[in-house]
$ cat work03.csv   # CSV, C-alpha atoms and all ligand atoms
chain,number,residue,atom,x,y,z
I,1135,MET,CA,39.2,125.7,110.8
I,1136,THR,CA,36.8,122.9,111.6
I,1137,THR,CA,33.9,122.3,109.3
I,1138,LEU,CA,30.5,122.1,111.0
I,1139,PRO,CA,28.4,119.1,109.8
I,1140,PHE,CA,25.7,121.0,108.0
I,1141,ALA,CA,22.6,119.3,106.7
I,1142,THR,CA,23.0,118.0,103.2
I,1143,ARG,CA,19.8,119.9,102.2
I,1144,LEU,CA,21.9,123.1,102.2
I,1145,ASP,CA,23.7,121.7,99.2
I,1146,ASN,CA,20.5,122.3,97.2
I,1147,VAL,CA,20.4,126.1,97.8
I,1148,GLU,CA,22.5,129.2,97.6
I,1149,THR,CA,22.2,132.8,98.8
I,1150,SER,CA,20.2,134.9,96.4
I,1151,ALA,CA,22.0,135.8,93.3
I,1152,ILE,CA,20.0,139.0,93.4
I,1153,ARG,CA,21.6,140.0,96.7
I,1154,GLU,CA,24.9,139.9,94.8
I,1155,VAL,CA,23.7,142.8,92.7
I,1156,PHE,CA,23.0,144.8,95.9
I,1157,LYS,CA,26.7,144.7,96.7
I,1158,LEU,CA,27.3,146.8,93.7
I,1159,LEU,CA,24.8,149.4,94.9
I,1160,GLY,CA,27.2,151.1,97.3
I,1161,LYS,CA,28.6,153.3,94.5
I,1162,PRO,CA,27.5,156.9,95.1
I,1163,GLY,CA,24.9,158.3,92.7
I,1164,ILE,CA,23.8,155.0,91.4
I,1165,ILE,CA,20.2,154.7,90.3
I,1166,SER,CA,18.7,151.4,91.3
I,1167,PHE,CA,16.1,149.5,89.3
I,1168,ALA,CA,17.3,146.4,91.1
I,1169,GLY,CA,15.2,146.2,94.3
I,1170,GLY,CA,12.0,144.2,94.8
I,1171,PHE,CA,10.8,146.7,97.4
I,1172,PRO,CA,7.8,149.0,97.5
I,1173,ASP,CA,8.7,152.7,97.9
I,1174,SER,CA,9.2,153.7,101.6
I,1175,ASP,CA,8.0,157.2,100.7
I,1176,LEU,CA,4.6,155.7,100.0
I,1177,PHE,CA,4.2,154.1,103.5
I,1178,ASP,CA,1.4,155.5,105.5
I,1179,ALA,CA,3.6,156.1,108.5
I,1180,GLU,CA,1.0,158.3,110.2
I,1181,GLY,CA,-1.7,155.8,109.8
I,1182,ILE,CA,0.5,152.9,111.1
I,1183,LEU,CA,1.7,155.1,114.0
I,1184,ALA,CA,-2.0,155.7,115.0
I,1185,ALA,CA,-2.7,152.0,114.7
I,1186,ALA,CA,0.4,151.0,116.8
I,1187,GLN,CA,-0.5,153.6,119.4
I,1188,GLN,CA,-4.0,152.3,119.6
I,1189,ALA,CA,-2.6,148.8,120.0
I,1190,LEU,CA,-0.4,149.7,122.9
I,1191,ARG,CA,-3.0,152.0,124.6
I,1192,GLU,CA,-6.1,149.9,124.2
I,1193,THR,CA,-4.9,146.3,124.0
I,1194,PRO,CA,-1.4,146.2,125.5
I,1195,GLY,CA,-2.0,142.6,126.8
I,1196,ALA,CA,-2.8,141.3,123.3
I,1197,ALA,CA,-0.1,143.4,121.6
I,1198,LEU,CA,2.8,142.5,123.9
I,1199,GLN,CA,1.9,139.0,125.0
I,1200,TYR,CA,2.4,135.7,123.3
I,1201,GLY,CA,-0.5,135.0,121.0
I,1202,ALA,CA,-2.3,132.1,119.2
I,1203,THR,CA,-0.2,130.4,116.4
I,1204,GLU,CA,-3.2,130.8,114.1
I,1205,GLY,CA,-3.1,134.5,114.4
I,1206,TYR,CA,-4.7,137.4,116.3
I,1207,GLN,CA,-8.4,136.8,115.8
I,1208,PRO,CA,-9.4,140.4,115.0
I,1209,LEU,CA,-6.7,140.4,112.3
I,1210,ARG,CA,-8.0,137.2,110.9
I,1211,GLU,CA,-11.4,138.7,110.7
I,1212,GLN,CA,-10.1,141.9,109.0
I,1213,LEU,CA,-8.1,139.8,106.5
I,1214,ALA,CA,-11.2,137.7,105.7
I,1215,ARG,CA,-13.1,140.9,105.1
I,1216,PHE,CA,-10.3,142.2,102.9
I,1217,MET,CA,-10.4,139.1,100.9
I,1218,ALA,CA,-14.2,139.2,100.7
I,1219,GLU,CA,-14.0,142.7,99.2
I,1220,LYS,CA,-11.9,141.1,96.5
I,1221,GLY,CA,-14.6,138.5,95.7
I,1222,VAL,CA,-13.5,135.7,98.0
I,1223,SER,CA,-16.9,134.6,99.4
I,1224,GLU,CA,-17.5,132.0,102.1
I,1225,LEU,CA,-14.1,132.6,103.8
I,1226,THR,CA,-14.2,132.3,107.5
I,1227,PRO,CA,-11.3,133.7,109.7
I,1228,GLU,CA,-10.6,130.1,110.8
I,1229,GLN,CA,-9.7,129.2,107.2
I,1230,LEU,CA,-6.8,131.7,107.4
I,1231,LEU,CA,-3.5,131.4,109.1
I,1232,VAL,CA,-1.5,134.7,109.7
I,1233,THR,CA,2.1,134.2,108.7
I,1234,THR,CA,5.3,136.1,109.1
I,1235,GLY,CA,5.2,137.5,105.6
I,1236,SER,CA,4.0,135.4,102.7
I,1237,GLN,CA,7.5,134.1,102.6
I,1238,GLN,CA,6.7,132.0,105.7
I,1239,ALA,CA,3.6,130.7,104.0
I,1240,LEU,CA,5.8,129.4,101.2
I,1241,ASP,CA,8.2,127.9,103.7
I,1242,LEU,CA,5.4,126.2,105.6
I,1243,LEU,CA,4.0,124.7,102.3
I,1244,GLY,CA,7.5,123.4,101.6
I,1245,LYS,CA,7.9,122.0,105.1
I,1246,THR,CA,4.5,120.3,105.2
I,1247,LEU,CA,4.4,118.9,101.7
I,1248,ILE,CA,7.7,118.4,100.1
I,1249,GLU,CA,9.9,115.3,100.5
I,1250,PRO,CA,13.3,114.9,98.9
I,1251,GLY,CA,12.9,113.9,95.3
I,1252,ASP,CA,9.3,115.3,95.0
I,1253,LYS,CA,8.6,117.3,91.9
I,1254,VAL,CA,7.0,120.8,91.9
I,1255,ILE,CA,6.1,122.9,88.9
I,1256,VAL,CA,6.7,126.7,88.8
I,1257,GLU,CA,6.5,129.2,86.1
I,1258,ALA,CA,9.5,130.2,84.0
I,1259,PRO,CA,10.3,132.8,85.2
I,1260,THR,CA,9.2,132.9,88.9
I,1261,PHE,CA,10.0,134.4,92.3
I,1262,SER,CA,13.6,133.1,93.0
I,1263,ALA,CA,13.1,132.7,96.8
I,1264,THR,CA,10.3,130.2,96.1
I,1265,ILE,CA,12.6,128.1,93.9
I,1266,GLN,CA,15.1,128.1,96.8
I,1267,VAL,CA,12.5,127.2,99.4
I,1268,PHE,CA,11.2,124.2,97.5
I,1269,ARG,CA,14.8,123.1,96.7
I,1270,LEU,CA,15.7,123.4,100.4
I,1271,TYR,CA,13.2,120.7,101.1
I,1272,GLY,CA,14.6,118.6,98.3
I,1273,ALA,CA,12.2,119.3,95.5
I,1274,GLU,CA,13.1,118.9,91.9
I,1275,VAL,CA,11.7,122.1,90.4
I,1276,ILE,CA,10.2,121.8,86.9
I,1277,THR,CA,9.3,124.9,84.9
I,1278,ALA,CA,6.2,125.6,82.9
I,1279,PRO,CA,6.2,128.1,80.0
I,1280,ILE,CA,4.3,131.4,80.3
I,1281,ASP,CA,3.3,134.1,77.8
I,1282,ARG,CA,1.8,137.5,78.5
I,1283,ASP,CA,-1.5,135.7,79.6
I,1284,GLY,CA,0.4,133.7,82.2
I,1285,VAL,CA,1.0,130.0,82.3
I,1286,CYS,CA,0.0,128.0,79.3
I,1287,PRO,CA,-2.7,125.5,80.5
I,1288,GLU,CA,-2.0,122.9,77.7
I,1289,ALA,CA,1.7,122.9,78.5
I,1290,LEU,CA,0.9,122.7,82.3
I,1291,ALA,CA,-1.5,119.8,81.7
I,1292,ALA,CA,1.2,117.9,79.8
I,1293,LEU,CA,3.8,118.6,82.6
I,1294,ILE,CA,1.4,117.5,85.3
I,1295,ALA,CA,0.7,114.3,83.4
I,1296,GLU,CA,4.4,113.6,82.9
I,1297,HIS,CA,5.7,114.5,86.4
I,1298,ARG,CA,2.8,114.1,88.9
I,1299,PRO,CA,4.1,117.0,90.9
I,1300,LYS,CA,3.4,117.6,94.6
I,1301,LEU,CA,2.2,121.1,93.8
I,1302,VAL,CA,2.0,123.7,91.1
I,1303,TYR,CA,3.1,127.2,92.2
I,1304,LEU,CA,1.7,130.2,90.3
I,1305,ILE,CA,1.8,134.0,90.7
I,1306,PRO,CA,-1.2,134.6,88.5
I,1307,THR,CA,-1.5,138.4,88.9
I,1308,PHE,CA,1.4,140.7,88.0
I,1309,GLY,CA,3.9,137.9,88.3
I,1310,ASN,CA,7.3,138.6,89.9
I,1311,PRO,CA,9.3,139.1,87.7
I,1312,SER,CA,7.1,138.6,84.5
I,1313,GLY,CA,4.3,141.1,85.2
I,1314,ALA,CA,2.1,138.7,83.4
I,1315,ILE,CA,-1.6,138.3,84.2
I,1316,LEU,CA,-3.2,134.9,83.9
I,1317,SER,CA,-6.4,135.5,81.8
I,1318,ALA,CA,-9.8,134.7,83.3
I,1319,GLU,CA,-10.3,131.9,80.9
I,1320,ARG,CA,-7.0,130.3,81.8
I,1321,ARG,CA,-7.7,130.7,85.5
I,1322,LEU,CA,-10.8,128.5,85.0
I,1323,GLN,CA,-8.7,126.0,82.9
I,1324,VAL,CA,-6.0,125.8,85.6
I,1325,LEU,CA,-8.6,125.3,88.4
I,1326,ARG,CA,-10.3,122.6,86.4
I,1327,LEU,CA,-6.9,121.0,85.8
I,1328,ALA,CA,-6.1,121.0,89.5
I,1329,LEU,CA,-9.4,119.3,90.3
I,1330,GLN,CA,-9.2,116.8,87.5
I,1331,THR,CA,-5.6,115.8,88.3
I,1332,GLN,CA,-6.0,116.2,92.1
I,1333,THR,CA,-2.9,118.4,92.1
I,1334,LEU,CA,-2.5,121.2,94.7
I,1335,LEU,CA,-2.3,124.7,93.2
I,1336,VAL,CA,-0.5,127.3,95.2
I,1337,GLU,CA,-1.6,130.9,94.3
I,1338,ASP,CA,0.9,133.5,95.5
I,1339,ASP,CA,-0.8,137.0,95.3
I,1340,PRO,CA,1.2,139.8,96.8
I,1341,TYR,CA,0.7,142.2,93.9
I,1342,GLY,CA,-3.0,141.8,92.8
I,1343,ASP,CA,-4.0,145.0,94.5
I,1344,LEU,CA,-1.4,147.0,92.6
I,1345,TYR,CA,-3.3,147.5,89.3
I,1346,PHE,CA,-3.0,150.6,87.3
I,1347,ASP,CA,-6.2,151.0,85.3
I,1348,ALA,CA,-8.8,148.2,85.3
I,1349,PRO,CA,-8.7,145.6,88.1
I,1350,PRO,CA,-7.2,142.2,87.0
I,1351,PRO,CA,-9.4,139.1,86.9
I,1352,PRO,CA,-10.4,137.8,90.4
I,1353,SER,CA,-7.9,135.6,92.2
I,1354,LEU,CA,-7.9,131.8,91.6
I,1355,LEU,CA,-9.3,131.7,95.2
I,1356,ALA,CA,-12.2,134.0,94.2
I,1357,MET,CA,-12.9,132.1,91.0
I,1358,ALA,CA,-12.8,128.7,92.6
I,1359,THR,CA,-16.5,128.9,93.3
I,1360,GLU,CA,-17.0,128.6,89.5
I,1361,ILE,CA,-15.3,125.2,89.5
I,1362,PRO,CA,-17.0,123.3,92.4
I,1363,GLY,CA,-14.6,121.1,94.3
I,1364,SER,CA,-11.5,123.1,93.1
I,1365,ARG,CA,-11.1,124.9,96.4
I,1366,ALA,CA,-10.0,121.6,98.0
I,1367,TRP,CA,-6.9,121.8,95.7
I,1368,LEU,CA,-6.0,125.4,96.2
I,1369,ALA,CA,-3.7,127.2,98.7
I,1370,HIS,CA,-3.6,131.0,98.6
I,1371,CYS,CA,-0.8,133.2,100.0
I,1372,GLY,CA,-1.5,136.9,100.6
I,1373,SER,CA,0.6,139.7,102.1
I,1374,LEU,CA,0.4,143.2,103.4
I,1375,SER,CA,4.0,143.8,102.3
I,1376,LYS,CA,3.5,145.5,99.0
I,1377,VAL,CA,0.3,147.3,99.9
I,1378,LEU,CA,1.0,148.5,103.4
I,1379,SER,CA,4.5,147.7,104.7
I,1380,PRO,CA,6.9,144.7,104.4
I,1381,GLY,CA,8.5,145.6,107.8
I,1382,LEU,CA,5.2,144.6,109.5
I,1383,ARG,CA,5.8,141.0,108.2
I,1384,VAL,CA,2.2,140.2,108.0
I,1385,GLY,CA,1.1,137.7,105.4
I,1386,TRP,CA,-1.5,134.9,105.4
I,1387,LEU,CA,-2.2,131.4,104.1
I,1388,ILE,CA,-5.6,130.2,103.1
I,1389,ALA,CA,-5.7,126.4,102.6
I,1390,PRO,CA,-7.8,123.3,102.9
I,1391,PRO,CA,-8.3,122.3,106.6
I,1392,THR,CA,-5.8,119.5,106.8
I,1393,LEU,CA,-3.1,121.5,105.1
I,1394,LEU,CA,-3.8,124.5,107.3
I,1395,ALA,CA,-3.7,122.4,110.5
I,1396,ASN,CA,-0.3,121.0,109.5
I,1397,ALA,CA,1.0,124.5,108.6
I,1398,VAL,CA,-0.1,125.7,112.0
I,1399,MET,CA,1.7,122.8,113.7
I,1400,CYS,CA,4.9,123.6,111.8
I,1401,LYS,CA,4.6,127.3,112.5
I,1402,GLN,CA,4.5,126.4,116.3
I,1403,PHE,CA,8.0,125.0,115.9
I,1404,SER,CA,9.2,127.8,113.8
I,1405,ASP,CA,8.2,131.2,115.4
I,1406,ALA,CA,5.3,130.2,117.6
I,1407,HIS,CA,3.3,133.1,116.1
I,1408,THR,CA,3.7,136.2,114.0
I,1409,SER,CA,4.6,139.3,116.1
I,1410,THR,CA,1.5,140.2,118.1
I,1411,LEU,CA,2.4,143.9,118.1
I,1412,ALA,CA,2.5,143.8,114.2
I,1413,GLN,CA,-0.7,141.9,114.1
I,1414,VAL,CA,-2.7,144.1,116.4
I,1415,THR,CA,-1.3,147.2,114.5
I,1416,ALA,CA,-2.3,145.7,111.2
I,1417,ALA,CA,-5.8,144.8,112.5
I,1418,ASN,CA,-6.3,148.3,113.8
I,1419,TYR,CA,-5.1,149.8,110.5
I,1420,LEU,CA,-7.5,147.6,108.4
I,1421,ALA,CA,-10.4,148.4,110.8
I,1422,SER,CA,-9.8,152.1,110.5
I,1423,GLY,CA,-11.1,151.9,106.9
I,1424,VAL,CA,-8.3,153.9,105.2
I,1425,MET,CA,-6.9,151.1,103.2
I,1426,SER,CA,-8.9,151.5,100.0
I,1427,ALA,CA,-8.1,155.3,99.8
I,1428,ARG,CA,-4.5,154.5,100.5
I,1429,LEU,CA,-4.3,151.8,97.8
I,1430,ALA,CA,-5.7,154.2,95.3
I,1431,GLN,CA,-2.8,156.6,96.0
I,1432,VAL,CA,-0.2,153.8,95.8
I,1433,ARG,CA,-1.7,152.5,92.5
I,1434,GLN,CA,-1.6,156.0,91.0
I,1435,ALA,CA,2.1,156.5,92.0
I,1436,TYR,CA,3.2,153.2,90.6
I,1437,ALA,CA,1.2,153.6,87.4
I,1438,LEU,CA,2.9,156.9,86.7
I,1439,ARG,CA,6.3,155.4,87.2
I,1440,ALA,CA,5.6,152.3,85.2
I,1441,ARG,CA,4.4,154.5,82.3
I,1442,ALA,CA,7.4,156.7,82.6
I,1443,MET,CA,9.8,153.8,82.5
I,1444,ALA,CA,8.0,152.2,79.5
I,1445,ALA,CA,8.0,155.4,77.6
I,1446,ALA,CA,11.7,156.1,78.3
I,1447,LEU,CA,12.6,152.5,77.3
I,1448,ARG,CA,10.8,152.8,74.0
I,1449,HIS,CA,12.3,156.2,73.4
I,1450,THR,CA,15.9,155.6,74.3
I,1451,ALA,CA,16.4,151.8,73.8
I,1452,GLY,CA,14.0,151.4,70.9
I,1453,GLU,CA,14.1,147.9,69.4
I,1454,ALA,CA,17.1,146.8,71.5
I,1455,ILE,CA,14.9,146.1,74.5
I,1456,ALA,CA,11.6,144.3,74.1
I,1457,PHE,CA,8.9,144.2,76.9
I,1458,ASN,CA,5.2,144.2,77.5
I,1459,GLU,CA,4.0,147.3,79.3
I,1460,PRO,CA,2.9,146.1,82.8
I,1461,ALA,CA,-0.7,146.7,83.9
I,1462,GLY,CA,0.2,146.5,87.6
I,1463,GLY,CA,2.9,145.3,90.1
I,1464,LEU,CA,6.3,146.7,90.5
I,1465,PHE,CA,8.3,145.4,87.5
I,1466,ILE,CA,9.1,145.6,83.9
I,1467,TRP,CA,10.3,142.3,82.6
I,1468,ALA,CA,12.3,142.8,79.5
I,1469,ARG,CA,14.6,141.1,76.9
I,1470,LEU,CA,17.6,142.2,75.1
I,1471,THR,CA,16.9,141.6,71.4
I,1472,GLY,CA,20.4,142.4,70.0
I,1473,ALA,CA,18.8,144.8,67.4
I,1474,ASN,CA,21.3,147.1,65.8
I,1475,GLY,CA,24.2,145.2,67.1
I,1476,LYS,CA,23.4,145.9,70.8
I,1477,LEU,CA,24.0,143.5,73.7
I,1478,THR,CA,22.0,140.3,74.1
I,1479,ASP,CA,23.5,139.2,77.4
I,1480,SER,CA,21.9,140.9,80.4
I,1481,GLN,CA,24.7,139.9,82.8
I,1482,THR,CA,27.2,141.8,80.7
I,1483,LEU,CA,24.8,144.7,80.5
I,1484,ALA,CA,24.4,144.7,84.3
I,1485,GLN,CA,28.2,145.2,84.7
I,1486,ARG,CA,28.4,147.9,82.1
I,1487,ALA,CA,25.3,149.6,83.5
I,1488,VAL,CA,26.7,149.8,87.0
I,1489,GLU,CA,29.8,151.6,85.5
I,1490,ARG,CA,27.3,154.0,83.9
I,1491,GLY,CA,25.5,154.5,87.2
I,1492,VAL,CA,22.4,152.3,87.0
I,1493,ALA,CA,21.6,148.9,88.4
I,1494,PHE,CA,19.1,146.2,87.6
I,1495,VAL,CA,18.7,142.4,88.1
I,1496,PRO,CA,19.6,140.1,85.3
I,1497,GLY,CA,16.9,137.5,84.6
I,1498,ALA,CA,18.7,134.2,85.1
I,1499,PRO,CA,18.0,133.7,88.9
I,1500,PHE,CA,14.2,133.7,88.1
I,1501,PHE,CA,14.5,130.5,86.1
I,1502,ALA,CA,14.6,127.2,87.9
I,1503,SER,CA,16.1,125.7,84.7
I,1504,ASN,CA,17.2,126.9,81.2
I,1505,PRO,CA,17.8,130.6,82.2
I,1506,ASP,CA,17.1,133.2,79.5
I,1507,ALA,CA,20.5,135.1,79.3
I,1508,ALA,CA,18.8,138.0,77.5
I,1509,ALA,CA,16.2,138.6,80.2
I,1510,LEU,CA,16.3,141.4,82.8
I,1511,ARG,CA,14.0,142.8,85.5
I,1512,LEU,CA,13.6,146.5,86.0
I,1513,SER,CA,11.8,147.8,89.1
I,1514,PHE,CA,10.2,151.2,88.6
I,1515,ALA,CA,8.8,151.2,92.2
I,1516,THR,CA,11.3,153.3,94.2
I,1517,ALA,CA,12.4,156.0,91.8
I,1518,SER,CA,10.8,159.3,90.8
I,1519,VAL,CA,9.8,159.9,87.2
I,1520,ALA,CA,12.9,162.1,86.6
I,1521,THR,CA,15.2,159.5,88.1
I,1522,ILE,CA,13.6,156.8,86.0
I,1523,GLU,CA,14.2,158.8,82.9
I,1524,GLU,CA,17.8,159.4,83.8
I,1525,GLY,CA,18.4,155.8,84.8
I,1526,VAL,CA,16.9,154.5,81.5
I,1527,ARG,CA,19.1,157.0,79.6
I,1528,ARG,CA,22.2,155.5,81.3
I,1529,LEU,CA,21.0,152.0,80.6
I,1530,ALA,CA,20.6,152.7,76.9
I,1531,LEU,CA,24.2,154.1,76.8
I,1532,ALA,CA,25.4,150.8,78.3
I,1533,LEU,CA,23.6,148.6,75.7
I,1601,LIG,C1,5.9,136.7,94.5
I,1601,LIG,C2,6.3,137.0,95.9
I,1601,LIG,N1,5.9,136.1,96.8
I,1601,LIG,C3,6.2,136.4,98.1
I,1601,LIG,C4,7.0,137.4,98.5
I,1601,LIG,C5,7.4,137.6,99.9
I,1601,LIG,O1,6.8,138.7,100.5
I,1601,LIG,P1,6.5,138.9,102.0
I,1601,LIG,O2,7.2,137.8,102.8
I,1601,LIG,O3,7.1,140.2,102.4
I,1601,LIG,O4,5.0,138.8,102.2
I,1601,LIG,C6,7.5,138.3,97.5
I,1601,LIG,C7,8.4,139.4,97.9
I,1601,LIG,O5,9.0,140.1,97.0
I,1601,LIG,C8,7.1,138.1,96.1
I,1601,LIG,O6,7.5,138.9,95.1

$ encode --input "work03.csv" --output "structure tokens" --more "lines below"
Ligand SMILES: Cc1ncc(COP(=O)(O)O)c(C=O)c1O
Amino acid sequence: MTTLPFATRLDNVETSAIREVFKLLGKPGIISFAGGFPDSDLFDAEGILAAAQQALRETPGAALQYGATEGYQPLREQLARFMAEKGVSELTPEQLLVTTGSQQALDLLGKTLIEPGDKVIVEAPTFSATIQVFRLYGAEVITAPIDRDGVCPEALAALIAEHRPKLVYLIPTFGNPSGAILSAERRLQVLRLALQTQTLLVEDDPYGDLYFDAPPPPSLLAMATEIPGSRAWLAHCGSLSKVLSPGLRVGWLIAPPTLLANAVMCKQFSDAHTSTLAQVTAANYLASGVMSARLAQVRQAYALRARAMAAALRHTAGEAIAFNEPAGGLFIWARLTGANGKLTDSQTLAQRAVERGVAFVPGAPFFASNPDAAALRLSFATASVATIEEGVRRLALAL
């Protein structure tokens, strides 16, 4: 067999280690805490159907024709309004590029900014696909430590001074996988740091709307008004995936004008524009005004499952699994403590757990360096409370 001359940049990346776990899920009866998906039963299929019908009935030209790379203007307007409701003032639709999922926004940031050998800083742990995207463009990925209040500003300041990174990528609200929330005070510190060191901050925020009780602090983008000048050093990625539907593939990038213009240019070469049918559907859905009631339902469902999983873990695994109870998002990020002679290696636990009929993702792929072998991510999003309790029971037996 001949070997095709693939680009050397592919040497920097691999297919997701998380996908490897999915291969194990074929076993009948297996309970999965492995996915990063929202629950399909929570999709507002009726509402999306009505929005799609409206798109095809009222604006078939816009919904089925090529569209502007920047995005369908009424959707950009709706998304600017959606952001304004979350405290982002002074945002015009023209400052927002509609992307094919926020994943494309991350890719466009990599494409427009990163040269081989550049350094970028991410949290330890962080979203593994972002690590891969930055590496694809040749970045050296440096990790910054986090605690339950998110990234530690002092450590981040020292890393920026040492490495002079091209950008710092943060998931400040209900991090994937950590579930951590960057405190309001730290948000201001991080914005100040970006301004002082003239370092681009990338805020990835697909989970901020999925809070269980009190809303989290406003996004970095919303808080940037408190640190004048910081907005020039901030890019924000948003997504409808976790709040409405990932299949629509509607995300967005808000960035300083020159960065946005370059991202638009690169998107032209990539997919020309995000699906117009999906964009018109999303615009109609948002304009129908049902989103906030829908979000309330979704939050309530996830809150119930998160609490059930936390209670089951405390009850059945006791001190052998340590975790902070999440206040939003889709995940519990946990550590095997080894208490009472139980396992400390999450990879071994993953194998044993599958034999017991429950799957989860070991934590290692979420670290760009120095993986924590004891860490694991448990998603409570797609299982009922009864299934969660049974899954945790099986997990505890495998410990
Ligand atoms: C932190 C984070 N960013 C981005 C994405 C990509 O989402 P999408 O492309 O569906 O908007 C995900 C998906 O799981 C995520 O967890």

$ residues_near_ligand --input "work03.csv" --ligand "ligand LIG 1601 (chain I)" --cutoff "7 Å" --atoms "all atoms listed in the file" --output "list in words"
Gly1170, Phe1171, Thr1234, Gly1235, Ser1236, Gln1237, Gln1238, Phe1261, Ile1305, Gly1309, Asn1310, Asp1338, Asp1339, Pro1340, Gly1372, Ser1373, Leu1374, Ser1375, Pro1380, Arg1383, Val1384 and Gly1385 of chain I

$ atom_distance --input "work03.csv" --atom1 "atom CA of Pro1350 of chain I" --atom2 "atom CA of Leu1464 of chain I"
14.7 Å

$ closest_residue --input "work03.csv" --among "I:Tyr1345, I:Phe1177, I:Phe1465, I:Phe1500" --to "Pro1259 of chain I" --atoms "only C-alpha atoms"
I:Phe1500

$ closest_residue --input "work03.csv" --among "I:Leu1270, I:Leu1198, I:Ala1507, I:Leu1304" --to "Gln1413 of chain I" --atoms "all atoms listed in the file"
I:Leu1198

$ residues_around --input "work03.csv" --residues "Ala1263 of chain I" --least-positions-apart "5" --cutoff "12 Å" --atoms "all atoms listed in the file" --output "VMD selection string"
chain I and resid 1147 to 1153 1170 1236 to 1238 1240 to 1241 1244 1256 1268 to 1270 1310 to 1311 1499 to 1502

$ closest_residue --input "work03.csv" --among "I:Leu1378, I:Leu1325, I:Ala1258, I:Ala1442" --to "Val1424 of chain I" --atoms "all atoms listed in the file"
I:Leu1378

$ decode --input "work03.csv" --residues "segment 1491-1502 of chain I" --atoms "N, CA, C and O atoms" --output "JSON list (two decimals), in the first residue's frame"
[["chain", "number", "residue", "atom", "x", "y", "z"],
["I", 1491, "GLY", "N", -20.87, -2.83, 33.62],
["I", 1491, "GLY", "CA", -22.02, -2.26, 32.90],
["I", 1491, "GLY", "C", -22.19, -0.76, 33.05],
["I", 1491, "GLY", "O", -23.30, -0.24, 32.94],
["I", 1492, "VAL", "N", -21.07, -0.04, 33.27],
["I", 1492, "VAL", "CA", -21.17, 1.42, 33.31],
["I", 1492, "VAL", "C", -19.90, 2.01, 32.69],
["I", 1492, "VAL", "O", -18.82, 1.46, 32.86],
["I", 1493, "ALA", "N", -20.08, 3.09, 31.92],
["I", 1493, "ALA", "CA", -18.93, 3.69, 31.23],
["I", 1493, "ALA", "C", -18.77, 5.16, 31.61],
["I", 1493, "ALA", "O", -19.75, 5.84, 31.90],
["I", 1494, "PHE", "N", -17.53, 5.61, 31.63],
["I", 1494, "PHE", "CA", -17.23, 7.03, 31.85],
["I", 1494, "PHE", "C", -15.91, 7.33, 31.14],
["I", 1494, "PHE", "O", -15.26, 6.42, 30.62],
["I", 1495, "VAL", "N", -15.51, 8.59, 31.14],
["I", 1495, "VAL", "CA", -14.27, 8.97, 30.48],
["I", 1495, "VAL", "C", -13.18, 9.22, 31.52],
["I", 1495, "VAL", "O", -13.35, 10.08, 32.39],
["I", 1496, "PRO", "N", -12.05, 8.51, 31.43],
["I", 1496, "PRO", "CA", -10.92, 8.83, 32.32],
["I", 1496, "PRO", "C", -10.42, 10.24, 32.04],
["I", 1496, "PRO", "O", -10.59, 10.75, 30.93],
["I", 1497, "GLY", "N", -9.80, 10.87, 33.03],
["I", 1497, "GLY", "CA", -9.49, 12.30, 32.92],
["I", 1497, "GLY", "C", -8.30, 12.66, 32.06],
["I", 1497, "GLY", "O", -8.18, 13.81, 31.63],
["I", 1498, "ALA", "N", -7.41, 11.71, 31.76],
["I", 1498, "ALA", "CA", -6.13, 12.05, 31.12],
["I", 1498, "ALA", "C", -6.24, 12.90, 29.84],
["I", 1498, "ALA", "O", -5.49, 13.86, 29.69],
["I", 1499, "PRO", "N", -7.17, 12.59, 28.89],
["I", 1499, "PRO", "CA", -7.19, 13.38, 27.65],
["I", 1499, "PRO", "C", -7.50, 14.86, 27.83],
["I", 1499, "PRO", "O", -7.32, 15.65, 26.91],
["I", 1500, "PHE", "N", -7.97, 15.23, 29.02],
["I", 1500, "PHE", "CA", -8.32, 16.64, 29.24],
["I", 1500, "PHE", "C", -7.12, 17.47, 29.70],
["I", 1500, "PHE", "O", -7.26, 18.65, 29.97],
["I", 1501, "PHE", "N", -5.98, 16.81, 29.83],
["I", 1501, "PHE", "CA", -4.77, 17.53, 30.24],
["I", 1501, "PHE", "C", -3.81, 17.64, 29.07],
["I", 1501, "PHE", "O", -3.47, 16.62, 28.45],
["I", 1502, "ALA", "N", -3.36, 18.86, 28.78],
["I", 1502, "ALA", "CA", -2.39, 19.03, 27.69],
["I", 1502, "ALA", "C", -1.01, 18.52, 28.11],
["I", 1502, "ALA", "O", -0.18, 18.18, 27.27]]
